[in-house]
>>> print(open('start_34.cif').read())   # mmCIF, C-alpha atoms
data_data
loop_
_atom_site.group_PDB
_atom_site.id
_atom_site.type_symbol
_atom_site.label_atom_id
_atom_site.label_comp_id
_atom_site.auth_asym_id
_atom_site.auth_seq_id
_atom_site.Cartn_x
_atom_site.Cartn_y
_atom_site.Cartn_z
ATOM 1 C CA MET A 84 -2.946 -0.683 14.210
ATOM 2 C CA ARG A 85 -4.096 -4.129 15.343
ATOM 3 C CA VAL A 86 -1.611 -6.346 17.138
ATOM 4 C CA THR A 87 -2.225 -10.029 16.550
ATOM 5 C CA LEU A 88 -1.189 -12.134 19.489
ATOM 6 C CA ALA A 89 0.222 -15.601 18.969
ATOM 7 C CA SER A 90 -2.643 -16.870 21.142
ATOM 8 C CA ASP A 91 -5.052 -16.253 18.216
ATOM 9 C CA THR A 92 -3.166 -18.804 16.108
ATOM 10 C CA VAL A 93 -2.738 -21.216 19.016
ATOM 11 C CA GLN A 94 -6.486 -21.109 19.692
ATOM 12 C CA ARG A 95 -7.106 -21.957 16.031
ATOM 13 C CA ALA A 96 -4.636 -24.852 16.284
ATOM 14 C CA HIS A 97 -6.329 -26.143 19.469
ATOM 15 C CA ALA A 98 -9.758 -25.961 17.841
ATOM 16 C CA ALA A 99 -8.551 -27.748 14.702
ATOM 17 C CA LEU A 100 -6.972 -30.539 16.754
ATOM 18 C CA ALA A 101 -10.124 -30.931 18.846
ATOM 19 C CA ARG A 102 -12.264 -31.228 15.688
ATOM 20 C CA GLY A 103 -9.793 -33.466 13.899
ATOM 21 C CA ASP A 104 -9.558 -30.816 11.173
ATOM 22 C CA ARG A 105 -6.176 -31.593 9.626
ATOM 23 C CA ASP A 106 -6.468 -28.925 6.914
ATOM 24 C CA GLU A 107 -7.065 -26.138 9.446
ATOM 25 C CA PHE A 108 -4.270 -27.437 11.702
ATOM 26 C CA VAL A 109 -1.851 -27.447 8.741
ATOM 27 C CA VAL A 110 -2.763 -23.808 7.971
ATOM 28 C CA THR A 111 -1.680 -22.789 11.481
ATOM 29 C CA CYS A 112 1.677 -24.605 11.279
ATOM 30 C CA ASP A 113 5.017 -23.996 9.675
ATOM 31 C CA PRO A 114 5.915 -26.897 7.341
ATOM 32 C CA PHE A 115 8.962 -27.561 9.550
ATOM 33 C CA LEU A 116 6.981 -27.770 12.792
ATOM 34 C CA ARG A 117 8.799 -29.443 15.711
ATOM 35 C CA TRP A 118 6.766 -30.689 18.714
ATOM 36 C CA THR A 119 8.833 -31.817 21.701
ATOM 37 C CA VAL A 120 7.315 -33.989 24.439
ATOM 38 C CA SER A 121 8.993 -34.758 27.786
ATOM 39 C CA ASP A 122 11.566 -37.539 27.302
ATOM 40 C CA GLY A 123 10.460 -39.193 30.542
ATOM 41 C CA LEU A 124 7.305 -40.479 28.845
ATOM 42 C CA PRO A 125 7.083 -43.637 26.704
ATOM 43 C CA TYR A 126 5.926 -41.494 23.766
ATOM 44 C CA GLY A 127 8.327 -38.639 24.568
ATOM 45 C CA GLY A 128 10.699 -37.158 22.042
ATOM 46 C CA VAL A 129 10.675 -34.797 19.097
ATOM 47 C CA TYR A 130 7.980 -35.023 16.428
ATOM 48 C CA ALA A 131 9.009 -33.241 13.230
ATOM 49 C CA GLY A 132 6.348 -32.118 10.767
ATOM 50 C CA VAL A 133 2.562 -32.285 10.840
ATOM 51 C CA ASP A 134 2.440 -36.020 10.037
ATOM 52 C CA GLU A 135 4.613 -36.911 13.040
ATOM 53 C CA VAL A 136 2.632 -34.544 15.299
ATOM 54 C CA GLU A 137 -0.515 -36.368 14.220
ATOM 55 C CA ASN A 138 1.220 -39.631 15.196
ATOM 56 C CA TYR A 139 1.869 -38.143 18.637
ATOM 57 C CA PHE A 140 -1.824 -37.373 19.089
ATOM 58 C CA ARG A 141 -2.709 -40.889 17.935
ATOM 59 C CA GLU A 142 -0.336 -42.214 20.630
ATOM 60 C CA LEU A 143 -2.099 -40.083 23.236
ATOM 61 C CA ASN A 144 -5.448 -41.452 22.107
ATOM 62 C CA ARG A 145 -4.093 -45.007 22.214
ATOM 63 C CA HIS A 146 -2.904 -44.628 25.814
ATOM 64 C CA PHE A 147 -5.533 -42.329 27.342
ATOM 65 C CA SER A 148 -9.293 -41.901 27.362
ATOM 66 C CA ASN A 149 -11.360 -38.981 28.570
ATOM 67 C CA LEU A 150 -8.343 -36.694 28.207
ATOM 68 C CA LEU A 151 -9.270 -33.226 29.405
ATOM 69 C CA VAL A 152 -6.982 -30.207 29.133
ATOM 70 C CA THR A 153 -7.738 -27.420 31.597
ATOM 71 C CA LEU A 154 -5.841 -24.162 31.151
ATOM 72 C CA SER A 155 -5.277 -22.083 34.263
ATOM 73 C CA GLU A 156 -2.981 -19.454 32.768
ATOM 74 C CA VAL A 157 -2.058 -18.248 29.282
ATOM 75 C CA ILE A 158 0.647 -15.675 28.627
ATOM 76 C CA ALA A 159 1.036 -14.432 25.056
ATOM 77 C CA THR A 160 3.139 -12.089 22.960
ATOM 78 C CA ALA A 161 3.137 -11.718 19.191
ATOM 79 C CA GLU A 162 5.431 -14.761 18.808
ATOM 80 C CA VAL A 163 5.172 -16.885 21.970
ATOM 81 C CA VAL A 164 2.357 -18.465 23.988
ATOM 82 C CA VAL A 165 2.897 -20.137 27.339
ATOM 83 C CA GLU A 166 0.057 -22.281 28.651
ATOM 84 C CA HIS A 167 -0.098 -23.669 32.167
ATOM 85 C CA GLY A 168 -2.740 -26.105 33.318
ATOM 86 C CA VAL A 169 -3.674 -29.662 34.187
ATOM 87 C CA TYR A 170 -4.179 -32.782 32.093
ATOM 88 C CA ARG A 171 -6.833 -35.149 33.476
ATOM 89 C CA GLY A 172 -7.916 -38.495 32.129
ATOM 90 C CA THR A 173 -7.728 -42.250 32.410
ATOM 91 C CA ALA A 174 -5.032 -44.600 31.163
ATOM 92 C CA ARG A 175 -6.843 -46.973 28.796
ATOM 93 C CA GLU A 176 -5.204 -50.239 29.759
ATOM 94 C CA SER A 177 -4.862 -49.787 33.544
ATOM 95 C CA GLN A 178 -8.034 -47.699 33.948
ATOM 96 C CA ILE A 179 -6.036 -45.561 36.420
ATOM 97 C CA GLU A 180 -7.173 -41.948 36.534
ATOM 98 C CA PHE A 181 -4.535 -39.231 36.589
ATOM 99 C CA GLU A 182 -4.080 -35.511 37.072
ATOM 100 C CA ALA A 183 -0.841 -34.045 35.735
ATOM 101 C CA PRO A 184 0.178 -30.381 35.750
ATOM 102 C CA PHE A 185 1.684 -29.175 32.466
ATOM 103 C CA CYS A 186 3.265 -26.231 30.715
ATOM 104 C CA VAL A 187 3.300 -25.880 26.926
ATOM 105 C CA VAL A 188 5.384 -23.260 25.132
ATOM 106 C CA TRP A 189 4.322 -22.417 21.573
ATOM 107 C CA HIS A 190 6.672 -20.457 19.262
ATOM 108 C CA LEU A 191 5.412 -18.768 16.103
ATOM 109 C CA ARG A 192 7.224 -17.384 13.095
ATOM 110 C CA ASP A 193 5.406 -15.372 10.433
ATOM 111 C CA GLY A 194 2.128 -16.122 12.220
ATOM 112 C CA ARG A 195 2.533 -19.914 12.116
ATOM 113 C CA VAL A 196 3.484 -22.433 14.799
ATOM 114 C CA TYR A 197 7.011 -23.704 14.227
ATOM 115 C CA GLU A 198 7.932 -25.127 17.640
ATOM 116 C CA VAL A 199 5.994 -26.523 20.591
ATOM 117 C CA ARG A 200 7.650 -27.714 23.795
ATOM 118 C CA GLU A 201 5.422 -29.668 26.135
ATOM 119 C CA TYR A 202 6.390 -30.286 29.776
ATOM 120 C CA ALA A 203 4.225 -32.417 32.058
ATOM 121 C CA ASP A 204 4.354 -34.217 35.394
ATOM 122 C CA THR A 205 5.841 -37.401 33.981
ATOM 123 C CA ALA A 206 5.615 -39.222 37.338
ATOM 124 C CA ALA A 207 1.821 -38.840 37.410
ATOM 125 C CA LEU A 208 1.431 -39.925 33.784
ATOM 126 C CA ASN A 209 3.836 -42.853 34.098
ATOM 127 C CA ALA A 210 2.117 -44.056 37.288
ATOM 128 C CA ALA A 211 -1.119 -44.377 35.326
ATOM 129 C CA LEU A 212 0.671 -46.008 32.383
ATOM 130 C CA ALA A 213 2.993 -48.253 34.411
ATOM 131 C CA PRO A 214 0.847 -51.422 34.356
ATOM 132 C CA HIS A 215 0.641 -51.138 30.556
ATOM 133 C CA PHE A 216 4.411 -50.991 30.147
ATOM 134 C CA THR A 217 5.340 -53.667 32.701
ATOM 135 C CA ASN A 218 2.987 -56.422 31.509
#
>>> encode(input="start_34.cif", output="structure tokens")
Amino acid sequence: MRVTLASDTVQRAHAALARGDRDEFVVTCDPFLRWTVSDGLPYGGVYAGVDEVENYFRELNRHFSNLLVTLSEVIATAEVVVEHGVYRGTARESQIEFEAPFCVVWHLRDGRVYEVREYADTAALNAALAPHFTN
């Protein structure tokens, strides 16, 4: 018997997002996907469905360049993946570099992602974004 860990699906989702492969990303997701981002960020909130999640990633691209995600720890079961790591990049408008620890919790149902909760060091991200939102 082969046990499929949720991390297999999450890795496919990561790869699809990195390639901009919408079709592959959709295959990994439940149609009722909910992606929650820390409320303390200007783009924080709940994104419901693949289209809104794509809007979230467009917002990230609008605000940040050279965004690098470094995972330091991944814990997985058949239905949950917890990722811990650091986001690094540069805020586009201010050109301020940042480093922000994060934790992302992925929940799967029937082998597809149905909920993602993303927690990050909002102070570090907002410090880089601050000039953009105060001008």
>>> residues_around(input="start_34.cif", residues="Ala96 in chain A", least_positions_apart="5", cutoff="8 Å", atoms="only C-alpha atoms", output="mmCIF file with C-alpha atoms, in the frame of the given file")
data_model
loop_
_atom_site.group_PDB
_atom_site.id
_atom_site.type_symbol
_atom_site.label_atom_id
_atom_site.label_comp_id
_atom_site.auth_asym_id
_atom_site.auth_seq_id
_atom_site.Cartn_x
_atom_site.Cartn_y
_atom_site.Cartn_z
ATOM 1 C CA GLU A 107 -7.065 -26.138 9.446
ATOM 2 C CA PHE A 108 -4.270 -27.437 11.702
ATOM 3 C CA THR A 111 -1.680 -22.789 11.481
#
>>> residues_around(input="start_34.cif", residues="Ala101 in chain A", least_positions_apart="4", cutoff="12 Å", atoms="all atoms listed in the file", output="PyMOL selection string")
chain A and resi 94-97+105+107-108+137+140+144+150-152
>>> write_last_selection(input="start_34.cif", atoms="C-alpha atoms", output="mmCIF file, in the coordinates of the input")
data_model
loop_
_atom_site.group_PDB
_atom_site.id
_atom_site.type_symbol
_atom_site.label_atom_id
_atom_site.label_comp_id
_atom_site.auth_asym_id
_atom_site.auth_seq_id
_atom_site.Cartn_x
_atom_site.Cartn_y
_atom_site.Cartn_z
ATOM 1 C CA GLN A 94 -6.486 -21.109 19.692
ATOM 2 C CA ARG A 95 -7.106 -21.957 16.031
ATOM 3 C CA ALA A 96 -4.636 -24.852 16.284
ATOM 4 C CA HIS A 97 -6.329 -26.143 19.469
ATOM 5 C CA ARG A 105 -6.176 -31.593 9.626
ATOM 6 C CA GLU A 107 -7.065 -26.138 9.446
ATOM 7 C CA PHE A 108 -4.270 -27.437 11.702
ATOM 8 C CA GLU A 137 -0.515 -36.368 14.220
ATOM 9 C CA PHE A 140 -1.824 -37.373 19.089
ATOM 10 C CA ASN A 144 -5.448 -41.452 22.107
ATOM 11 C CA LEU A 150 -8.343 -36.694 28.207
ATOM 12 C CA LEU A 151 -9.270 -33.226 29.405
ATOM 13 C CA VAL A 152 -6.982 -30.207 29.133
#
>>> closest_residue(input="start_34.cif", among="A:Val163, A:Cys186, A:Val93, A:Leu116", to="Glu135 in chain A", atoms="all atoms listed in the file")
A:Leu116
>>> residues_near_point(input="start_34.cif", point="(0.7, -20.5, 11.1)", cutoff="9 Å", atoms="all atoms listed in the file", output="PDB file with C-alpha atoms, keeping the file's coordinate frame")
ATOM      1  CA  THR A  92      -3.166 -18.804  16.108  1.00  0.00           C
ATOM      2  CA  VAL A  93      -2.738 -21.216  19.016  1.00  0.00           C
ATOM      3  CA  ALA A  96      -4.636 -24.852  16.284  1.00  0.00           C
ATOM      4  CA  PHE A 108      -4.270 -27.437  11.702  1.00  0.00           C
ATOM      5  CA  VAL A 109      -1.851 -27.447   8.741  1.00  0.00           C
ATOM      6  CA  VAL A 110      -2.763 -23.808   7.971  1.00  0.00           C
ATOM      7  CA  THR A 111      -1.680 -22.789  11.481  1.00  0.00           C
ATOM      8  CA  CYS A 112       1.677 -24.605  11.279  1.00  0.00           C
ATOM      9  CA  ASP A 113       5.017 -23.996   9.675  1.00  0.00           C
ATOM     10  CA  LEU A 191       5.412 -18.768  16.103  1.00  0.00           C
ATOM     11  CA  ARG A 192       7.224 -17.384  13.095  1.00  0.00           C
ATOM     12  CA  ASP A 193       5.406 -15.372  10.433  1.00  0.00           C
ATOM     13  CA  GLY A 194       2.128 -16.122  12.220  1.00  0.00           C
ATOM     14  CA  ARG A 195       2.533 -19.914  12.116  1.00  0.00           C
ATOM     15  CA  VAL A 196       3.484 -22.433  14.799  1.00  0.00           C
ATOM     16  CA  TYR A 197       7.011 -23.704  14.227  1.00  0.00           C
TER      17      TYR A 197
END
>>> resolve_selection(input="start_34.cif", expression="the PyMOL selection byres ((chain A and resi 117-119) around 10)", output="ChimeraX atom specification")
/A:112-116,120-122,127-133,135-136,139,187-190,196-202
>>> resolve_selection(input="start_34.cif", expression="the PyMOL selection byres ((chain A and resi 211) around 7)", output="PyMOL selection string")
chain A and resi 174+177+179-181+207-210+212-213
>>> resolve_selection(input="start_34.cif", expression="the PyMOL selection byres ((chain A and resi 156-158) around 12)", output="PyMOL selection string")
chain A and resi 88-91+93-94+153-155+159-169+184-189
>>> atom_distance(input="start_34.cif", atom1="CA of Tyr126 in chain A", atom2="CA of Thr205 in chain A")
11.0 Å
>>> atom_distance(input="start_34.cif", atom1="CA of Asp134 in chain A", atom2="CA of Ala203 in chain A")
22.4 Å
>>> atom_distance(input="start_34.cif", atom1="CA of Phe147 in chain A", atom2="CA of Gln178 in chain A")
8.9 Å
>>> residues_around(input="start_34.cif", residues="Asn149 in chain A", least_positions_apart="6", cutoff="9 Å", atoms="all atoms listed in the file", output="JSON, numbers by chain")
{"A": [171, 172, 173, 174]}
>>> closest_residue(input="start_34.cif", among="A:Leu143, A:Ala99, A:Ala183, A:Ala206", to="Gly123 in chain A", atoms="all atoms listed in the file")
A:Ala206
>>> decode(input="start_34.cif", residues="range 192-204 of chain A", atoms="all heavy atoms", output="tab-separated table (two decimals), in the first residue's frame")
chain	number	residue	atom	x	y	z
A	192	ARG	N	-8.41	17.94	0.77
A	192	ARG	CA	-9.58	17.06	0.88
A	192	ARG	C	-9.68	16.31	-0.44
A	192	ARG	O	-9.62	16.93	-1.50
A	192	ARG	CB	-10.83	17.91	1.14
A	192	ARG	CG	-12.10	17.12	1.22
A	192	ARG	CD	-13.32	17.94	1.57
A	192	ARG	NE	-13.39	19.21	0.87
A	192	ARG	CZ	-13.69	20.38	1.45
A	192	ARG	NH1	-13.93	20.44	2.74
A	192	ARG	NH2	-13.75	21.48	0.73
A	193	ASP	N	-9.77	15.01	-0.36
A	193	ASP	CA	-9.83	14.17	-1.57
A	193	ASP	C	-8.64	14.45	-2.49
A	193	ASP	O	-8.78	14.48	-3.72
A	193	ASP	CB	-11.14	14.38	-2.32
A	193	ASP	CG	-12.36	13.99	-1.48
A	193	ASP	OD1	-12.24	13.02	-0.69
A	193	ASP	OD2	-13.41	14.65	-1.60
A	194	GLY	N	-7.47	14.71	-1.89
A	194	GLY	CA	-6.25	14.90	-2.66
A	194	GLY	C	-6.09	16.26	-3.31
A	194	GLY	O	-5.17	16.47	-4.10
A	195	ARG	N	-6.98	17.21	-2.99
A	195	ARG	CA	-6.90	18.54	-3.59
A	195	ARG	C	-6.86	19.61	-2.50
A	195	ARG	O	-7.47	19.47	-1.45
A	195	ARG	CB	-8.10	18.77	-4.51
A	195	ARG	CG	-8.12	17.76	-5.67
A	195	ARG	CD	-9.33	17.89	-6.51
A	195	ARG	NE	-9.13	18.98	-7.47
A	195	ARG	CZ	-10.07	19.43	-8.27
A	195	ARG	NH1	-11.28	18.90	-8.24
A	195	ARG	NH2	-9.82	20.39	-9.12
A	196	VAL	N	-6.16	20.69	-2.79
A	196	VAL	CA	-6.03	21.79	-1.84
A	196	VAL	C	-7.36	22.51	-1.73
A	196	VAL	O	-7.92	22.96	-2.73
A	196	VAL	CB	-4.95	22.80	-2.30
A	196	VAL	CG1	-4.86	23.97	-1.32
A	196	VAL	CG2	-3.60	22.11	-2.47
A	197	TYR	N	-7.89	22.62	-0.49
A	197	TYR	CA	-9.14	23.36	-0.32
A	197	TYR	C	-8.98	24.56	0.60
A	197	TYR	O	-9.81	25.46	0.58
A	197	TYR	CB	-10.28	22.45	0.16
A	197	TYR	CG	-10.24	22.09	1.62
A	197	TYR	CD1	-10.88	22.87	2.58
A	197	TYR	CD2	-9.58	20.95	2.04
A	197	TYR	CE1	-10.85	22.52	3.92
A	197	TYR	CE2	-9.54	20.59	3.37
A	197	TYR	CZ	-10.18	21.38	4.31
A	197	TYR	OH	-10.13	21.04	5.64
A	198	GLU	N	-7.90	24.60	1.38
A	198	GLU	CA	-7.68	25.76	2.25
A	198	GLU	C	-6.19	25.96	2.45
A	198	GLU	O	-5.44	25.01	2.67
A	198	GLU	CB	-8.36	25.57	3.61
A	198	GLU	CG	-8.17	26.75	4.53
A	198	GLU	CD	-8.80	26.56	5.90
A	198	GLU	OE1	-9.05	25.41	6.31
A	198	GLU	OE2	-9.03	27.58	6.55
A	199	VAL	N	-5.77	27.21	2.36
A	199	VAL	CA	-4.39	27.61	2.65
A	199	VAL	C	-4.46	28.79	3.58
A	199	VAL	O	-5.20	29.75	3.35
A	199	VAL	CB	-3.62	27.99	1.36
A	199	VAL	CG1	-2.20	28.44	1.70
A	199	VAL	CG2	-3.61	26.84	0.38
A	200	ARG	N	-3.70	28.71	4.68
A	200	ARG	CA	-3.60	29.84	5.62
A	200	ARG	C	-2.14	30.25	5.69
A	200	ARG	O	-1.29	29.44	6.02
A	200	ARG	CB	-4.13	29.44	7.00
A	200	ARG	CG	-5.65	29.31	7.01
A	200	ARG	CD	-6.18	28.87	8.35
A	200	ARG	NE	-5.87	27.44	8.50
A	200	ARG	CZ	-5.55	26.86	9.65
A	200	ARG	NH1	-5.48	27.56	10.75
A	200	ARG	NH2	-5.29	25.57	9.70
A	201	GLU	N	-1.89	31.49	5.36
A	201	GLU	CA	-0.54	32.01	5.24
A	201	GLU	C	-0.30	33.04	6.35
A	201	GLU	O	-1.05	34.01	6.47
A	201	GLU	CB	-0.40	32.66	3.86
A	201	GLU	CG	0.97	33.03	3.47
A	201	GLU	CD	1.03	33.50	2.02
A	201	GLU	OE1	0.19	33.08	1.20
A	201	GLU	OE2	1.94	34.28	1.74
A	202	TYR	N	0.73	32.81	7.16
A	202	TYR	CA	1.10	33.71	8.24
A	202	TYR	C	2.52	34.20	7.98
A	202	TYR	O	3.40	33.40	7.69
A	202	TYR	CB	1.07	32.98	9.59
A	202	TYR	CG	-0.24	32.28	9.87
A	202	TYR	CD1	-0.42	30.94	9.56
A	202	TYR	CD2	-1.31	32.99	10.42
A	202	TYR	CE1	-1.61	30.29	9.81
A	202	TYR	CE2	-2.52	32.35	10.68
A	202	TYR	CZ	-2.66	31.00	10.37
A	202	TYR	OH	-3.85	30.37	10.61
A	203	ALA	N	2.73	35.51	8.08
A	203	ALA	CA	4.06	36.05	7.81
A	203	ALA	C	4.34	37.18	8.78
A	203	ALA	O	3.43	37.73	9.41
A	203	ALA	CB	4.16	36.55	6.38
A	204	ASP	N	5.61	37.54	8.88
A	204	ASP	CA	6.03	38.68	9.70
A	204	ASP	C	5.55	39.95	9.02
A	204	ASP	O	6.22	40.50	8.14
A	204	ASP	CB	7.55	38.67	9.85
A	204	ASP	CG	8.07	39.80	10.72
A	204	ASP	OD1	7.31	40.74	11.01
A	204	ASP	OD2	9.25	39.73	11.10
